[in-house]
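Below is upload01.csv, which holds CSV, C-alpha atoms.
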```csv
chain,number,residue,atom,x,y,z
G,1,GLY,CA,2.4,-27.6,-1.5
G,2,SER,CA,1.2,-24.8,0.8
G,3,VAL,CA,0.7,-25.5,4.5
G,4,LEU,CA,-2.0,-23.9,6.7
G,5,GLU,CA,-1.3,-24.0,10.4
G,6,LEU,CA,-4.2,-24.9,12.7
G,7,GLN,CA,-3.9,-21.5,14.5
G,8,ASP,CA,-4.8,-19.9,11.2
G,9,PHE,CA,-7.5,-22.4,10.2
G,10,VAL,CA,-9.4,-21.9,13.4
G,11,ARG,CA,-9.9,-18.2,12.5
G,12,LEU,CA,-12.8,-19.5,10.3
G,13,TYR,CA,-14.8,-20.1,13.4
G,14,ASP,CA,-17.6,-17.6,13.5
G,15,GLY,CA,-16.6,-14.4,15.4
G,16,SER,CA,-12.9,-14.4,14.5
G,17,TRP,CA,-11.1,-11.9,12.3
G,18,LEU,CA,-9.5,-13.6,9.3
G,19,ASN,CA,-5.8,-12.9,8.6
G,20,ASN,CA,-4.1,-12.5,5.3
G,21,VAL,CA,-2.4,-15.9,5.7
G,22,LEU,CA,-5.7,-17.7,5.8
G,23,ILE,CA,-7.3,-15.5,3.1
G,24,GLU,CA,-4.4,-16.1,0.6
G,25,PHE,CA,-4.4,-19.9,1.4
G,26,ILE,CA,-8.1,-20.0,0.5
G,27,LEU,CA,-7.6,-18.1,-2.7
G,28,LEU,CA,-5.0,-20.7,-3.8
G,29,ILE,CA,-7.8,-23.2,-3.6
G,30,LYS,CA,-10.6,-21.2,-5.0
G,31,ILE,CA,-9.3,-18.8,-7.6
G,32,LYS,CA,-8.8,-20.3,-11.0
G,33,ASN,CA,-8.5,-17.5,-13.6
G,34,SER,CA,-7.4,-14.3,-11.8
G,35,LEU,CA,-4.1,-12.9,-10.5
G,36,ILE,CA,-3.8,-12.2,-6.8
G,37,ILE,CA,-1.3,-9.7,-5.5
G,38,PRO,CA,-0.3,-10.7,-2.0
G,39,CYS,CA,-1.8,-8.5,0.7
G,40,ASP,CA,1.3,-7.5,2.7
G,41,MET,CA,3.2,-6.8,-0.5
G,42,PHE,CA,0.5,-4.5,-1.9
G,43,THR,CA,-0.4,-2.8,1.3
G,44,VAL,CA,3.2,-1.8,2.1
G,45,ASN,CA,3.8,-0.5,-1.4
G,46,PHE,CA,0.4,1.2,-1.7
G,47,ASP,CA,0.7,3.1,1.7
G,48,ASN,CA,4.3,4.1,1.0
G,49,GLU,CA,6.6,5.0,-1.8
G,50,ILE,CA,7.0,2.0,-4.1
G,51,ASN,CA,10.2,0.1,-3.3
G,52,THR,CA,12.1,-0.2,-6.6
G,53,ASN,CA,13.3,-3.6,-5.6
G,54,SER,CA,9.9,-4.9,-4.6
G,55,PRO,CA,8.8,-8.1,-6.2
G,56,ILE,CA,5.5,-6.4,-6.9
G,57,LEU,CA,7.1,-5.0,-10.0
G,58,ASP,CA,7.6,-8.5,-11.3
G,59,PHE,CA,3.8,-9.0,-11.7
G,60,ASN,CA,2.0,-8.2,-14.9
G,61,PHE,CA,-1.3,-6.7,-13.7
G,62,PHE,CA,-2.8,-6.5,-17.2
G,63,ASP,CA,-2.8,-10.1,-18.6
G,64,SER,CA,-5.3,-11.9,-16.4
G,65,PRO,CA,-9.1,-11.4,-16.7
G,66,TYR,CA,-9.1,-9.9,-13.2
G,67,THR,CA,-6.3,-8.8,-11.0
G,68,PHE,CA,-7.1,-8.5,-7.3
G,69,PHE,CA,-5.2,-6.3,-4.8
G,70,ILE,CA,-6.1,-7.1,-1.2
G,71,TYR,CA,-5.6,-4.0,0.9
G,72,ASN,CA,-5.3,-4.2,4.7
G,73,ALA,CA,-6.4,-0.7,5.7
G,74,ASN,CA,-4.8,0.4,9.0
G,75,ARG,CA,-3.8,-3.2,9.4
G,76,ASN,CA,-7.3,-4.1,10.7
G,77,HIS,CA,-9.7,-4.0,7.8
G,78,PHE,CA,-9.6,-5.8,4.5
G,79,CYS,CA,-10.7,-4.0,1.3
G,80,LEU,CA,-10.2,-4.8,-2.4
G,81,PHE,CA,-9.0,-3.1,-5.5
G,82,ILE,CA,-9.8,-4.8,-8.8
G,83,ILE,CA,-8.6,-4.5,-12.3
G,84,ASN,CA,-11.1,-5.8,-14.8
G,85,ASN,CA,-9.0,-6.3,-17.9
G,86,ALA,CA,-11.9,-7.5,-19.9
G,87,ASN,CA,-13.8,-4.2,-19.8
G,88,LYS,CA,-10.8,-2.1,-18.9
G,89,SER,CA,-12.1,-0.8,-15.6
G,90,LEU,CA,-10.9,-0.2,-12.0
G,91,SER,CA,-13.1,-0.8,-9.0
G,92,PHE,CA,-12.8,-0.6,-5.2
G,93,TYR,CA,-14.7,-2.6,-2.6
G,94,ASP,CA,-14.8,-1.7,1.0
G,95,PRO,CA,-17.4,-3.9,2.8
G,96,LEU,CA,-18.2,-1.2,5.3
G,97,ASN,CA,-18.2,2.0,3.1
G,98,ASP,CA,-19.7,2.6,-0.3
G,99,ASP,CA,-19.7,6.4,-0.2
G,100,THR,CA,-19.1,7.6,-3.7
G,101,ASP,CA,-16.5,10.2,-2.7
G,102,PHE,CA,-14.7,7.7,-0.5
G,103,VAL,CA,-14.6,5.2,-3.4
G,104,LYS,CA,-13.4,7.8,-5.9
G,105,GLY,CA,-10.7,9.0,-3.6
G,106,ASN,CA,-9.3,5.5,-3.2
G,107,LEU,CA,-9.5,4.8,-6.9
G,108,LYS,CA,-7.6,8.0,-7.6
G,109,LYS,CA,-4.8,6.8,-5.3
G,110,PHE,CA,-4.9,3.4,-6.9
G,111,ARG,CA,-4.6,4.9,-10.4
G,112,THR,CA,-1.5,6.8,-9.2
G,113,PHE,CA,-0.1,3.6,-7.8
G,114,LEU,CA,-0.6,1.8,-11.2
G,115,GLN,CA,1.0,4.7,-13.1
G,116,LYS,CA,4.0,4.6,-10.8
G,117,VAL,CA,4.4,0.8,-11.4
G,118,CYS,CA,4.1,1.3,-15.1
G,119,TYR,CA,6.7,4.0,-15.0
G,120,LEU,CA,9.2,1.8,-13.0
G,121,THR,CA,8.6,-1.2,-15.3
G,122,ASN,CA,8.7,0.9,-18.5
G,123,ILE,CA,5.3,-0.1,-19.8
G,124,SER,CA,2.4,2.0,-21.0
G,125,MET,CA,-0.5,2.5,-18.6
G,126,PRO,CA,-3.7,1.2,-20.2
G,127,ASP,CA,-6.7,3.5,-20.2
G,128,TYR,CA,-9.1,2.3,-17.6
G,129,LEU,CA,-12.5,3.7,-16.5
G,130,GLU,CA,-13.6,3.8,-12.9
G,131,ASP,CA,-16.5,1.4,-12.2
G,132,LEU,CA,-18.5,2.9,-9.3
G,133,LYS,CA,-21.5,0.5,-9.8
G,134,ILE,CA,-20.1,-2.9,-8.8
G,135,GLU,CA,-22.5,-5.3,-7.0
G,136,ARG,CA,-21.5,-5.3,-3.4
G,137,ARG,CA,-22.5,-6.7,-0.1
G,138,GLN,CA,-22.7,-4.6,3.0
G,139,GLN,CA,-20.8,-5.7,6.1
G,140,ASN,CA,-22.8,-5.3,9.3
G,141,ASP,CA,-20.3,-6.3,12.0
G,142,GLY,CA,-16.7,-5.6,13.0
G,143,TYR,CA,-14.9,-8.8,12.1
G,144,ASN,CA,-16.2,-10.3,8.8
G,145,CYS,CA,-14.4,-8.0,6.3
G,146,GLY,CA,-12.1,-10.8,5.2
G,147,VAL,CA,-15.1,-13.1,4.5
G,148,TYR,CA,-16.9,-10.4,2.4
G,149,VAL,CA,-13.7,-9.7,0.4
G,150,LEU,CA,-13.1,-13.4,-0.1
G,151,GLU,CA,-16.7,-13.9,-1.3
G,152,HIS,CA,-16.4,-11.0,-3.7
G,153,MET,CA,-13.2,-12.3,-5.3
G,154,ILE,CA,-14.3,-15.9,-5.6
G,155,ARG,CA,-17.6,-14.9,-7.1
G,156,THR,CA,-16.0,-12.5,-9.5
G,157,ASP,CA,-13.4,-15.0,-10.6
G,158,ALA,CA,-16.0,-17.7,-11.2
G,159,LEU,CA,-18.3,-15.2,-13.1
G,160,SER,CA,-21.1,-16.2,-10.7
G,161,ASN,CA,-24.3,-14.3,-10.5
G,162,PHE,CA,-24.8,-12.0,-7.5
G,163,CYS,CA,-27.2,-13.4,-4.9
G,164,SER,CA,-28.8,-11.0,-2.5
G,165,THR,CA,-29.0,-13.6,0.3
G,166,PHE,CA,-25.7,-14.2,2.1
G,167,SER,CA,-24.7,-15.5,5.5
G,168,PRO,CA,-21.1,-15.0,6.6
G,169,SER,CA,-21.4,-17.8,9.2
G,170,THR,CA,-22.6,-20.3,6.6
G,171,TYR,CA,-19.9,-19.1,4.1
G,172,ARG,CA,-17.2,-19.6,6.8
G,173,LYS,CA,-18.4,-23.3,7.2
G,174,ASP,CA,-18.3,-23.7,3.4
G,175,LEU,CA,-14.7,-22.5,3.3
G,176,MET,CA,-13.7,-24.8,6.1
G,177,ASN,CA,-15.1,-27.7,4.1
G,178,ASP,CA,-13.4,-26.6,1.0
G,179,ILE,CA,-10.0,-26.5,2.8
G,180,LEU,CA,-10.5,-29.9,4.4
G,181,ASN,CA,-11.8,-31.5,1.1
G,182,SER,CA,-8.8,-30.2,-0.9
G,183,SER,CA,-6.2,-31.2,1.7
G,184,GLU,CA,-3.8,-34.0,0.8
G,185,ASN,CA,-2.9,-34.9,4.3
G,186,MET,CA,-5.9,-33.9,6.5
G,187,LYS,CA,-9.2,-35.2,5.4
G,188,ASP,CA,-8.5,-39.0,5.8
G,189,VAL,CA,-6.1,-38.8,8.7
G,190,CYS,CA,-6.9,-38.9,12.4
G,191,LEU,CA,-6.2,-35.6,14.2
G,192,TYR,CA,-4.8,-37.5,17.2
G,193,CYS,CA,-2.9,-40.5,15.9
G,194,SER,CA,-2.1,-39.2,12.4
G,195,LYS,CA,-3.1,-42.6,10.9
G,196,GLU,CA,-5.9,-43.6,8.5
G,197,ASP,CA,-6.7,-46.8,10.3
G,198,SER,CA,-7.1,-47.5,14.0
G,199,ILE,CA,-5.7,-50.6,15.7
G,200,ILE,CA,-8.7,-50.8,17.9
G,201,ASP,CA,-11.5,-49.9,15.6
G,202,ASN,CA,-12.3,-47.9,12.5
G,203,LYS,CA,-15.1,-45.8,13.8
G,204,TRP,CA,-14.7,-42.0,13.2
G,205,VAL,CA,-16.2,-38.9,14.7
G,206,ALA,CA,-16.0,-35.3,13.5
G,207,CYS,CA,-15.2,-32.2,15.5
G,208,GLU,CA,-18.1,-29.9,15.7
G,209,ARG,CA,-15.9,-26.8,15.0
G,210,CYS,CA,-13.2,-27.6,12.5
G,211,GLY,CA,-14.8,-30.6,10.8
G,212,ARG,CA,-11.6,-32.8,11.2
G,213,TRP,CA,-12.2,-36.5,11.7
G,214,LYS,CA,-10.8,-38.6,14.6
G,215,HIS,CA,-11.0,-42.2,15.5
G,216,GLN,CA,-13.6,-42.7,18.2
G,217,SER,CA,-11.0,-44.8,20.2
G,218,CYS,CA,-8.4,-42.0,20.0
G,219,THR,CA,-10.9,-39.4,21.1
G,220,LEU,CA,-12.1,-41.4,24.0
G,221,LYS,CA,-8.5,-42.0,25.1
G,222,LYS,CA,-7.8,-38.3,24.9
G,223,PHE,CA,-10.7,-37.5,27.1
G,224,ASN,CA,-9.9,-40.1,29.8
G,225,ASP,CA,-11.9,-42.9,28.3
G,226,GLY,CA,-15.2,-41.2,29.2
G,227,VAL,CA,-18.5,-42.6,28.1
G,228,TRP,CA,-18.9,-41.5,24.5
G,229,GLU,CA,-22.5,-40.6,24.7
G,230,GLN,CA,-21.7,-38.2,27.6
G,231,VAL,CA,-18.9,-36.4,25.8
G,232,ASP,CA,-19.9,-32.9,24.7
G,233,PHE,CA,-16.9,-30.9,23.3
G,234,PHE,CA,-15.0,-29.4,20.5
G,235,ALA,CA,-12.5,-32.1,19.7
G,236,CYS,CA,-9.8,-29.8,18.3
```

Show me the file's structure as structure tokens.
Amino acid sequence: GSVLELQDFVRLYDGSWLNNVLIEFILLIKIKNSLIIPCDMFTVNFDNEINTNSPILDFNFFDSPYTFFIYNANRNHFCLFIINNANKSLSFYDPLNDDTDFVKGNLKKFRTFLQKVCYLTNISMPDYLEDLKIERRQQNDGYNCGVYVLEHMIRTDALSNFCSTFSPSTYRKDLMNDILNSSENMKDVCLYCSKEDSIIDNKWVACERCGRWKHQSCTLKKFNDGVWEQVDFFAC
């Protein structure tokens, strides 16, 4: 199975910029029906001439209900191109910018990209309309673009209704719980001793930040056997 390093997982703490490794790991857990084109692969081929040996040409963009293309603009801001194969439409989501001309310009470039891929793979380009009226959330900070893009993909894939209320901080915590709950080797294993049961006792405590569980005895030992009630920390 896929492995997520702690250095990537902790980016879900509020105030951190998500990276594409974390985003794509979460999508493996959450996306059930749609096709995801890897961020780095798409970004490189979208910003430059398509490499004729690129594995991006091995994907069939037009079979799944939705195909998501995660775009890392200027390598510091996540946006999203979407093919809706059910209603034959193309859309573009930038959490920071919904200007119509800006969206149209990006969709024009995206259509050219798709036409080039179709040419190189010798398939006909389907006739898609541009959807400029997608329901979107507005990002109001400088670091949550990945969170907004993730929420948009997960909600779209699940065909969930758009809800006007949204908290990036709360959503980050929900994603952390989803990762921990789906893990085969993290949720029931002590972060410090890597065992399920403690020789001393079986009392567990949770980190306030990452949600991982640790034996109380292992935690006290790590923090110099301090009095438990006086320990105030992030255990990870």

Tell me which of G:Leu90, G:Cys190, G:Leu28, G:Ile36 sits closest to Asp127 of chain G, counting all atoms listed in the file.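 Distance minimum relative to Asp127 of chain G lands on G:Leu90.
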
Determine, counting all atoms listed in the file, which protein, DNA and RNA residues have an atom within 7 Å of an atom of Tyr93 of chain G; residues of the same chain fewer than 4 positions away are not included. Present the result as a ChimeraX atom specification. /G:79-81

To one decimal place, how far is atom CA of Lys109 of chain G from atom CA of Asp47 of chain G in Å?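 Going from atom CA of Lys109 of chain G over to atom CA of Asp47 of chain G covers 9.6 Å.
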
Distance atom CA of Ser89 of chain G-atom CA of Leu129 of chain G, one decimal place?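 Computing the Euclidean distance for atom CA of Ser89 of chain G and atom CA of Leu129 of chain G yields 4.6 Å.
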
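Taking only C-alpha atoms, the non-local environment of Thr112 of chain G within 12 Å (same-chain residues fewer than 3 positions away omitted) comprises Asn45, Phe46, Asp47, Glu49, Ile50, Gly105, Asn106, Leu107, Lys108, Lys109, Gln115, Lys116, Val117, Cys118, Tyr119 and Met125 of chain G.
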
Test item: which residues lie within 7 Å of (5.1, -2.9, -5.1) counting only C-alpha atoms, as JSON, numbers by chain: {"G": [41, 42, 45, 50, 51, 54, 55, 56, 57]}

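Considering the residues G:Phe25, G:Phe61, G:Phe78, G:Phe69 and counting only C-alpha atoms, Gly142 of chain G has its shortest atom-to-atom contact with G:Phe78.
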
Once you count all atoms listed in the file, which residues end up no further than 12 Å from (-15.4, -9.0, -18.2) in the file's frame, shown as a compact mmCIF listing (two decimals) with C-alpha atoms, keeping the file's coordinate frame?
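Saved file out-v7.txt follows:
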```txt
# COMPACT_ATOMS: atom_id res chain seq x y z
CA ASN G 33 -8.50 -17.50 -13.60
CA SER G 34 -7.40 -14.30 -11.80
CA SER G 64 -5.30 -11.90 -16.40
CA PRO G 65 -9.10 -11.40 -16.70
CA TYR G 66 -9.10 -9.90 -13.20
CA THR G 67 -6.30 -8.80 -11.00
CA ILE G 82 -9.80 -4.80 -8.80
CA ILE G 83 -8.60 -4.50 -12.30
CA ASN G 84 -11.10 -5.80 -14.80
CA ASN G 85 -9.00 -6.30 -17.90
CA ALA G 86 -11.90 -7.50 -19.90
CA ASN G 87 -13.80 -4.20 -19.80
CA LYS G 88 -10.80 -2.10 -18.90
CA SER G 89 -12.10 -0.80 -15.60
CA LEU G 90 -10.90 -0.20 -12.00
CA THR G 156 -16.00 -12.50 -9.50
CA ASP G 157 -13.40 -15.00 -10.60
CA ALA G 158 -16.00 -17.70 -11.20
CA LEU G 159 -18.30 -15.20 -13.10
CA SER G 160 -21.10 -16.20 -10.70
```

Which residues, written as a list in words, have at least one atom at most 12 Å from Asn140 of chain G, with all atoms listed in the file counted and residues fewer than 6 positions away on the same chain left out?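 What passes the distance filter is Pro95, Leu96, Asn97, Val147, Tyr148, Phe166, Ser167 and Pro168 of chain G.
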
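Taking atom CA of Thr100 of chain G and atom CA of Gly15 of chain G as endpoints, the distance between them is 29.2 Å.
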
Given all atoms listed in the file, how would the per-residue table for segment 45-149 of chain G near segment 19-23 of chain G read, listing every residue at most 10 Å away with its closest atom pair and distance in Å to one decimal, sorted by chain and number, as JSON lines?
```
{"residue": "G:Ile70", "atom": "CA", "partner": "G:Asn20", "partner_atom": "CA", "distance": 8.7}
{"residue": "G:Tyr71", "atom": "CA", "partner": "G:Asn20", "partner_atom": "CA", "distance": 9.7}
{"residue": "G:Asn72", "atom": "CA", "partner": "G:Asn20", "partner_atom": "CA", "distance": 8.4}
{"residue": "G:Arg75", "atom": "CA", "partner": "G:Asn19", "partner_atom": "CA", "distance": 9.9}
{"residue": "G:Asn76", "atom": "CA", "partner": "G:Asn19", "partner_atom": "CA", "distance": 9.2}
{"residue": "G:His77", "atom": "CA", "partner": "G:Asn19", "partner_atom": "CA", "distance": 9.7}
{"residue": "G:Phe78", "atom": "CA", "partner": "G:Asn20", "partner_atom": "CA", "distance": 8.7}
{"residue": "G:Gly146", "atom": "CA", "partner": "G:Ile23", "partner_atom": "CA", "distance": 7.0}
{"residue": "G:Val147", "atom": "CA", "partner": "G:Ile23", "partner_atom": "CA", "distance": 8.3}
{"residue": "G:Val149", "atom": "CA", "partner": "G:Ile23", "partner_atom": "CA", "distance": 9.0}
```

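Each of G:Ser217, G:Ser183, G:Ser164, G:Thr170 was checked against Asp14 of chain G using only C-alpha atoms; the smallest atom-to-atom distance is that of G:Thr170.
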